Number of protein chains: 2
Amino acid sequence: MKRMLILGGTGETGSWFARYFKDKGYDVAVWGPSGKVDVAERLGVRFAHDLMAEAKSSDIVLVSVTIEKTVEVIRQVAPLMRPGSLIMDVTSIKSEPVQAMKSYAPVGVEALGTHPMFGPTMPSMRGQTIILTPVEEKTGRWLAEISSLFQSDGANVEVLDAQEHDRIMAVVQALTHFAYIGIGATLKALQFDVSNSRRFMSPVYEIMIDFVGRILDQNPELYASIQKNPQAAAVRQTFLSQCMRLCEKADSNDLEGFKQMMREAAEHYGETHKALQRSDRVINARIGEREGRGLDL
Amino acid sequence: MKRMLILGGTGETGSWFARYFKDKGYDVAVWGPSGKVDVAERLGVRFAHDLMAEAKSSDIVLVSVTIEKTVEVIRQVAPLMRPGSLIMDVTSIKSEPVQAMKSYAPVGVEALGTHPMFGPTMPSMRGQTIILTPVEEKTGRWLAEISSLFQSDGANVEVLDAQEHDRIMAVVQALTHFAYIGIGATLKALQFDVSNSRRFMSPVYEIMIDFVGRILDQNPELYASIQKNPQAAAVRQTFLSQCMRLCEKADSNDLEGFKQMMREAAEHYGETHKALQRSDRVINARIGEREGRGLDL
């Protein structure tokens with residue numbers, strides 16, 4: 001039976017993976033800084049009271065702590081691991097953890113940057129994307145093993161360089177979150193009554209506003225730390241300057257300029273009509289569901 | 001048989017309502033400034049060659065031209081109408097058209113501001129919201145008749161004061177579009193490869209990015225004119241200033257300040273967890289659909 005240690009395994013994401021690997025037949029131990037033994041009991045796994053011994057005897061050590069603490073935890077735990085074992089992290093930023101695993105994992109220990117692009121509210125990884133960022137000089141048999149495991153559960157597994165991962169995620173995650181949090185802050189500043197406004201929304205706006213609420217509902221710690229992606233600052237700055245340009249055109253009634261910006265953005269985006277069709281399907285599914293459930297929104 | 005004239009009936013929204021009222025048994029005539037008789041033929045309705053005679057003999061005149069032209073078209077056509085008839089518009093801004101209908105419709109002619117909150121790509125009004133803004137001194141039997149008609153087809157009909165409509169839509173429409181178009185402009189400025197990035201997206205990001213594409217796919221004229229909502233400038237300004245505040249906190253590594261803004265926004269939003277659950281259902285429906293269709297995205 002393979003042994004696995006999950007650092008931060010008492011947190012939401014860590015618990016999700018504890019359940020996942022336990023179901024796969026792993027002998028899982030979790031450890032969390034606040035010593036929540038009851039969480040381990042609920043999960044039906046061991047609590048790693050002797051952290052150092054556990055790290056030494058594990059086949060996989062999975063680091064699931066905050067982005068801020070990830071590098072430090074890797075620095076402390078990786079050197080304890082035995083040859084043939086694997087260290088993984090599951091943070092949303094990859095260049096720094098990958099560098100840390102490369103630096104601190106001893107010869108013979110493999111390392112794999114991992115970014116599951118879904119939150120612990122998802123029932124399974126079916127249909128979800130997981131990005132793996134291999135670590136130079138630390139990649140061997142485990143990459144294929146973990147990749148096959150996740151794929152066998154229906155995940156879309158993508159393998160990517162850590163730097164490229166961060167460049168893409170600065171848009172896919174940091175920018176998207178930033179814009180939605182910006183909308184949420186605006187609703188507050190305007191004292192806009194969100195729940196009353198639902199009466200006046202079509203499904204397309206309901207879906208949009210639900211995604212604002214979705215992000216505001218989640219752990220602010222995670223969302224703040226995603227903004228620490230080394231490439232995110234430049235992306236935020238570009239977003240602000242493009243919004244200012246759009247705003248100037250709208251304010252000065254330069255509708256032609258506004259439309260021109262939209263057209264150029266559409267041309268760059270490409271295949272906007274497919275996006276329209278996909279979003280139509282999402283909207284129609286939502287309408288069907290709402291009718292089935294008798295408007296319990 | 002009731003007679004109906006749709007001004008701008010050769011456009012997409014006008015054509016949608018031409019089909020709708022034709023199906024309801026109305027004798028529909030359409031008119032468009034570019035004289036597209038072939039569109040009328042395709043719709044199976046008459047083209048209003050003699051616009052003035054048609055306006056005089058119609059039970060309903062529906063104005064479906066651009067926001068810019070709506071007031072002028074109302075000014076020209078409303079005075080021709082006969083007592084007992086109804087003039088409606090279908091623009092996304094309501095205070096100015098409602099004022100124009102109030103000013104130019106003769107005594108005995110009813111008027112009804114109408115805002116269908118869906119685009120002409122929707123197959124029906126089932127599950128969609130339609131806002132009616134009654135016009136002072138011009139509201140009689142037609143309000144209930146039109147309201148019942150739309151409700152019988154499954155629409156969610158809401159009745160609202162025109163000023164209040166514009167105040168709410170400055171957020172629900174203008175702000176939401178503005179943020180999405182801003183993201184689209186940012187993707188262009190960064191030369192970010194959207195279609196390649198789909199490989200690295202979880203369903204939650206795919207849905208978000210599809211809504212950016214959805215808006216960019218549609219008529220820029222409509223989206224530019226929605227920004228002309230008299231209340232939209234102040235909302236855009238608030239959005240910009242909130243985004244700048246968020247950006248300053250992220251740039252200066254003030255994660256506590258960033259988290260505090262998120263928490264305050266969440267508190268104001270209220271019931272974020274319900275939003276999370278609803279968006280989870282949207283995401284799960286999307287995953288199910290994608291699997292059924294064999295990843296034809």
# chains A, B, ... in the order shown; residues from 1 in each chain; ligands from 1
>>> select_by_dssp(residues="segment 38-123 of chain B", states="strand (DSSP E or B)", output="ChimeraX atom specification")
/B:46-47,60-63,86-89,110-116
>>> interface_residues(of="chain A", to="chain B", cutoff="6 Å", atoms="only C-alpha atoms", output="PyMOL selection string")
chain A and resi 117+127-129+182+184-186+188+202+210+213-214+216-217+220+224+239+243+255+259+265-266+268+272-273+275-276+287
>>> write_last_selection(atoms="C-alpha atoms", output="PDB file, in the first residue's frame")
ATOM      1  CA  MET A 117      -8.148  24.266 -11.813  1.00  0.00           C
ATOM      2  CA  GLY A 127     -14.443  17.410 -16.851  1.00  0.00           C
ATOM      3  CA  GLN A 128     -12.029  19.565 -14.856  1.00  0.00           C
ATOM      4  CA  THR A 129      -8.594  20.686 -15.971  1.00  0.00           C
ATOM      5  CA  GLY A 182     -13.917  44.898  -9.056  1.00  0.00           C
ATOM      6  CA  GLY A 184     -18.353  43.293  -6.471  1.00  0.00           C
ATOM      7  CA  ALA A 185     -16.583  46.304  -4.945  1.00  0.00           C
ATOM      8  CA  THR A 186     -18.521  48.578  -7.304  1.00  0.00           C
ATOM      9  CA  LYS A 188     -20.906  47.866  -2.656  1.00  0.00           C
ATOM     10  CA  SER A 202     -32.384  37.922 -17.769  1.00  0.00           C
ATOM     11  CA  ASP A 210     -23.641  34.639  -9.850  1.00  0.00           C
ATOM     12  CA  GLY A 213     -20.991  36.086  -5.933  1.00  0.00           C
ATOM     13  CA  ARG A 214     -19.181  32.785  -6.447  1.00  0.00           C
ATOM     14  CA  LEU A 216     -16.795  36.669  -3.268  1.00  0.00           C
ATOM     15  CA  ASP A 217     -18.043  33.574  -1.433  1.00  0.00           C
ATOM     16  CA  PRO A 220     -10.218  35.732   0.200  1.00  0.00           C
ATOM     17  CA  ALA A 224      -5.523  37.620  -2.839  1.00  0.00           C
ATOM     18  CA  PHE A 239      -6.839  46.016 -17.882  1.00  0.00           C
ATOM     19  CA  CYS A 243     -10.942  50.301 -19.252  1.00  0.00           C
ATOM     20  CA  LEU A 255     -19.451  55.861 -29.958  1.00  0.00           C
ATOM     21  CA  LYS A 259     -17.358  50.350 -31.347  1.00  0.00           C
ATOM     22  CA  ALA A 265     -11.188  43.013 -29.501  1.00  0.00           C
ATOM     23  CA  ALA A 266     -13.615  40.722 -31.346  1.00  0.00           C
ATOM     24  CA  HIS A 268      -8.385  39.389 -31.834  1.00  0.00           C
ATOM     25  CA  THR A 272     -16.792  34.939 -31.081  1.00  0.00           C
ATOM     26  CA  HIS A 273     -19.815  33.332 -32.686  1.00  0.00           C
ATOM     27  CA  ALA A 275     -18.629  31.629 -27.847  1.00  0.00           C
ATOM     28  CA  LEU A 276     -22.096  33.062 -28.365  1.00  0.00           C
ATOM     29  CA  ILE A 287     -33.601  28.268 -17.957  1.00  0.00           C
TER      30      ILE A 287
END
>>> closest_residue(among="A:Pro33, A:Leu80, A:Glu110, A:Phe47", to="Thr66 of chain A", atoms="only C-alpha atoms")
A:Pro33
>>> closest_residue(among="A:Leu7, A:Val65, A:Val135, A:Asp89", to="His49 of chain A", atoms="only C-alpha atoms")
A:Leu7
>>> atom_distance(atom1="atom CA of Thr139 of chain A", atom2="atom CA of Ala105 of chain A")
11.6 Å
>>> atom_distance(atom1="atom CA of Val90 of chain B", atom2="atom CA of Glu137 of chain B")
19.6 Å
>>> residues_around(residues="Gln76 of chain A", least_positions_apart="3", cutoff="10 Å", atoms="only C-alpha atoms", output="PyMOL selection string")
chain A and resi 52+71-73+79-80+104-105
>>> write_last_selection(atoms="C-alpha atoms", output="compact mmCIF listing (two decimals), in the first residue's frame")
# COMPACT_ATOMS: atom_id res chain seq x y z
CA MET A 52 9.26 14.06 10.09
CA VAL A 71 8.08 27.50 -0.52
CA GLU A 72 8.94 27.37 3.19
CA VAL A 73 7.13 24.05 3.71
CA PRO A 79 15.09 17.22 2.20
CA LEU A 80 13.62 14.51 4.46
CA TYR A 104 15.33 21.34 -2.01
CA ALA A 105 14.33 17.83 -3.15
>>> residues_around(residues="segment 15-27 of chain A", least_positions_apart="2", cutoff="7 Å", atoms="only C-alpha atoms", output="PyMOL selection string")
chain A and resi 1-4+9-13+29+43+120
>>> write_last_selection(atoms="C-alpha atoms", output="short mmCIF file (atom, residue, chain, number, x, y, z; two decimals), in the first residue's frame")
data_model
loop_
_atom_site.label_atom_id
_atom_site.label_comp_id
_atom_site.auth_asym_id
_atom_site.auth_seq_id
_atom_site.Cartn_x
_atom_site.Cartn_y
_atom_site.Cartn_z
CA MET A 1 0.00 0.00 0.00
CA LYS A 2 1.44 3.35 -1.03
CA ARG A 3 1.83 5.91 1.72
CA MET A 4 0.91 9.52 1.21
CA GLY A 9 -4.58 18.09 4.48
CA THR A 10 -7.00 19.45 7.04
CA GLY A 11 -7.85 22.40 4.77
CA GLU A 12 -10.53 22.26 2.08
CA THR A 13 -8.32 21.46 -0.90
CA ALA A 29 -1.93 10.82 6.53
CA LEU A 43 -11.90 11.89 6.56
CA PRO A 120 -13.14 21.75 -3.46
#
>>> select_by_dssp(residues="segment 1-93 of chain A", states="helix (DSSP H, G or I)", output="PyMOL selection string")
chain A and resi 12-23+37-43+51-57+67-80
>>> residues_around(residues="segment 92-103 of chain B", least_positions_apart="4", cutoff="6 Å", atoms="only C-alpha atoms", output="PDB file with N, CA and C atoms, in the first residue's frame")
ATOM      1  N   VAL B  71     -36.163  58.314 -30.381  1.00  0.00           N
ATOM      2  CA  VAL B  71     -36.939  59.503 -30.037  1.00  0.00           C
ATOM      3  C   VAL B  71     -37.448  60.196 -31.306  1.00  0.00           C
ATOM      4  N   GLY B 113     -43.364  51.693 -22.483  1.00  0.00           N
ATOM      5  CA  GLY B 113     -41.940  51.417 -22.645  1.00  0.00           C
ATOM      6  C   GLY B 113     -41.710  49.929 -22.414  1.00  0.00           C
ATOM      7  N   HIS B 115     -38.703  46.741 -22.457  1.00  0.00           N
ATOM      8  CA  HIS B 115     -37.296  46.353 -22.560  1.00  0.00           C
ATOM      9  C   HIS B 115     -37.205  44.839 -22.453  1.00  0.00           C
ATOM     10  N   ALA B 162     -39.592  54.254 -15.326  1.00  0.00           N
ATOM     11  CA  ALA B 162     -38.533  54.382 -16.344  1.00  0.00           C
ATOM     12  C   ALA B 162     -37.200  54.853 -15.746  1.00  0.00           C
ATOM     13  N   GLN B 163     -37.245  55.787 -14.791  1.00  0.00           N
ATOM     14  CA  GLN B 163     -36.001  56.278 -14.182  1.00  0.00           C
ATOM     15  C   GLN B 163     -35.309  55.164 -13.381  1.00  0.00           C
ATOM     16  N   ASN B 229     -26.835  55.131 -21.488  1.00  0.00           N
ATOM     17  CA  ASN B 229     -27.752  55.208 -20.345  1.00  0.00           C
ATOM     18  C   ASN B 229     -27.329  56.395 -19.481  1.00  0.00           C
TER      19      ASN B 229
END
>>> atom_distance(atom1="atom CA of Ala55 of chain A", atom2="atom CA of Trp31 of chain A")
10.5 Å
>>> decode(residues="segment 125-213 of chain B", atoms="C-alpha atoms", output="compact mmCIF listing (two decimals), in the first residue's frame")
# COMPACT_ATOMS: atom_id res chain seq x y z
CA MET B 125 -39.25 34.42 -24.39
CA ARG B 126 -39.70 31.47 -22.04
CA GLY B 127 -37.64 32.13 -18.90
CA GLN B 128 -36.60 35.56 -20.11
CA THR B 129 -37.31 38.86 -18.39
CA ILE B 130 -39.25 41.68 -20.03
CA ILE B 131 -39.48 44.99 -18.23
CA LEU B 132 -42.49 47.22 -18.92
CA THR B 133 -42.24 50.91 -18.02
CA PRO B 134 -45.73 52.46 -18.11
CA VAL B 135 -46.10 56.02 -19.35
CA GLU B 136 -47.89 58.55 -17.18
CA GLU B 137 -51.29 59.62 -18.59
CA LYS B 138 -50.86 57.08 -21.40
CA THR B 139 -51.60 53.84 -19.58
CA GLY B 140 -54.89 51.98 -19.98
CA ARG B 141 -56.07 48.52 -21.02
CA TRP B 142 -52.98 47.68 -23.12
CA LEU B 143 -50.63 47.30 -20.15
CA ALA B 144 -52.55 44.29 -18.83
CA GLU B 145 -53.06 42.88 -22.31
CA ILE B 146 -49.38 42.96 -23.30
CA SER B 147 -48.29 41.80 -19.86
CA SER B 148 -50.63 38.77 -19.99
CA LEU B 149 -49.54 37.94 -23.51
CA PHE B 150 -45.85 37.83 -22.58
CA GLN B 151 -46.54 35.97 -19.35
CA SER B 152 -48.55 33.35 -21.21
CA ASP B 153 -45.37 32.58 -23.14
CA GLY B 154 -43.37 32.04 -19.97
CA ALA B 155 -41.72 35.45 -19.73
CA ASN B 156 -40.99 37.02 -16.37
CA VAL B 157 -42.73 40.39 -16.74
CA GLU B 158 -41.67 43.19 -14.40
CA VAL B 159 -43.27 46.63 -14.24
CA LEU B 160 -40.97 49.47 -13.28
CA ASP B 161 -40.67 53.25 -13.38
CA ALA B 162 -38.53 54.38 -16.34
CA GLN B 163 -36.00 56.28 -14.18
CA GLU B 164 -35.62 53.34 -11.82
CA HIS B 165 -35.19 51.06 -14.84
CA ASP B 166 -32.28 53.16 -16.08
CA ARG B 167 -30.67 53.29 -12.63
CA ILE B 168 -30.74 49.49 -12.35
CA MET B 169 -29.72 48.83 -15.96
CA ALA B 170 -26.69 51.11 -15.58
CA VAL B 171 -25.34 48.30 -13.42
CA VAL B 172 -27.06 45.18 -14.78
CA GLN B 173 -26.29 45.95 -18.40
CA ALA B 174 -23.87 48.87 -18.80
CA LEU B 175 -21.41 47.85 -16.07
CA THR B 176 -21.45 44.15 -16.92
CA HIS B 177 -20.90 44.81 -20.62
CA PHE B 178 -18.26 47.41 -19.86
CA ALA B 179 -16.24 45.00 -17.72
CA TYR B 180 -16.47 42.22 -20.31
CA ILE B 181 -15.53 44.50 -23.18
CA GLY B 182 -12.67 45.76 -21.01
CA ILE B 183 -11.45 42.18 -20.61
CA GLY B 184 -11.77 41.66 -24.36
CA ALA B 185 -9.72 44.80 -25.05
CA THR B 186 -7.11 43.60 -22.54
CA LEU B 187 -6.79 40.21 -24.29
CA LYS B 188 -6.12 42.09 -27.50
CA ALA B 189 -3.63 44.51 -25.91
CA LEU B 190 -1.74 41.55 -24.40
CA GLN B 191 -1.98 39.59 -27.67
CA PHE B 192 -3.26 36.75 -25.50
CA ASP B 193 -4.11 33.61 -27.48
CA VAL B 194 -7.68 32.91 -26.40
CA SER B 195 -8.35 29.75 -28.35
CA ASN B 196 -5.10 28.10 -27.27
CA SER B 197 -5.77 29.09 -23.67
CA ARG B 198 -8.96 27.01 -23.65
CA ARG B 199 -6.81 23.94 -23.08
CA PHE B 200 -5.83 25.33 -19.70
CA MET B 201 -9.23 26.45 -18.54
CA SER B 202 -11.54 24.79 -16.14
CA PRO B 203 -15.25 25.04 -16.99
CA VAL B 204 -15.65 28.04 -14.70
CA TYR B 205 -13.17 30.06 -16.75
CA GLU B 206 -14.53 28.77 -20.03
CA ILE B 207 -17.95 30.07 -19.09
CA MET B 208 -16.52 33.46 -18.14
CA ILE B 209 -14.49 33.80 -21.32
CA ASP B 210 -17.44 32.67 -23.43
CA PHE B 211 -19.48 35.56 -22.08
CA VAL B 212 -16.71 37.95 -23.15
CA GLY B 213 -16.89 36.38 -26.63
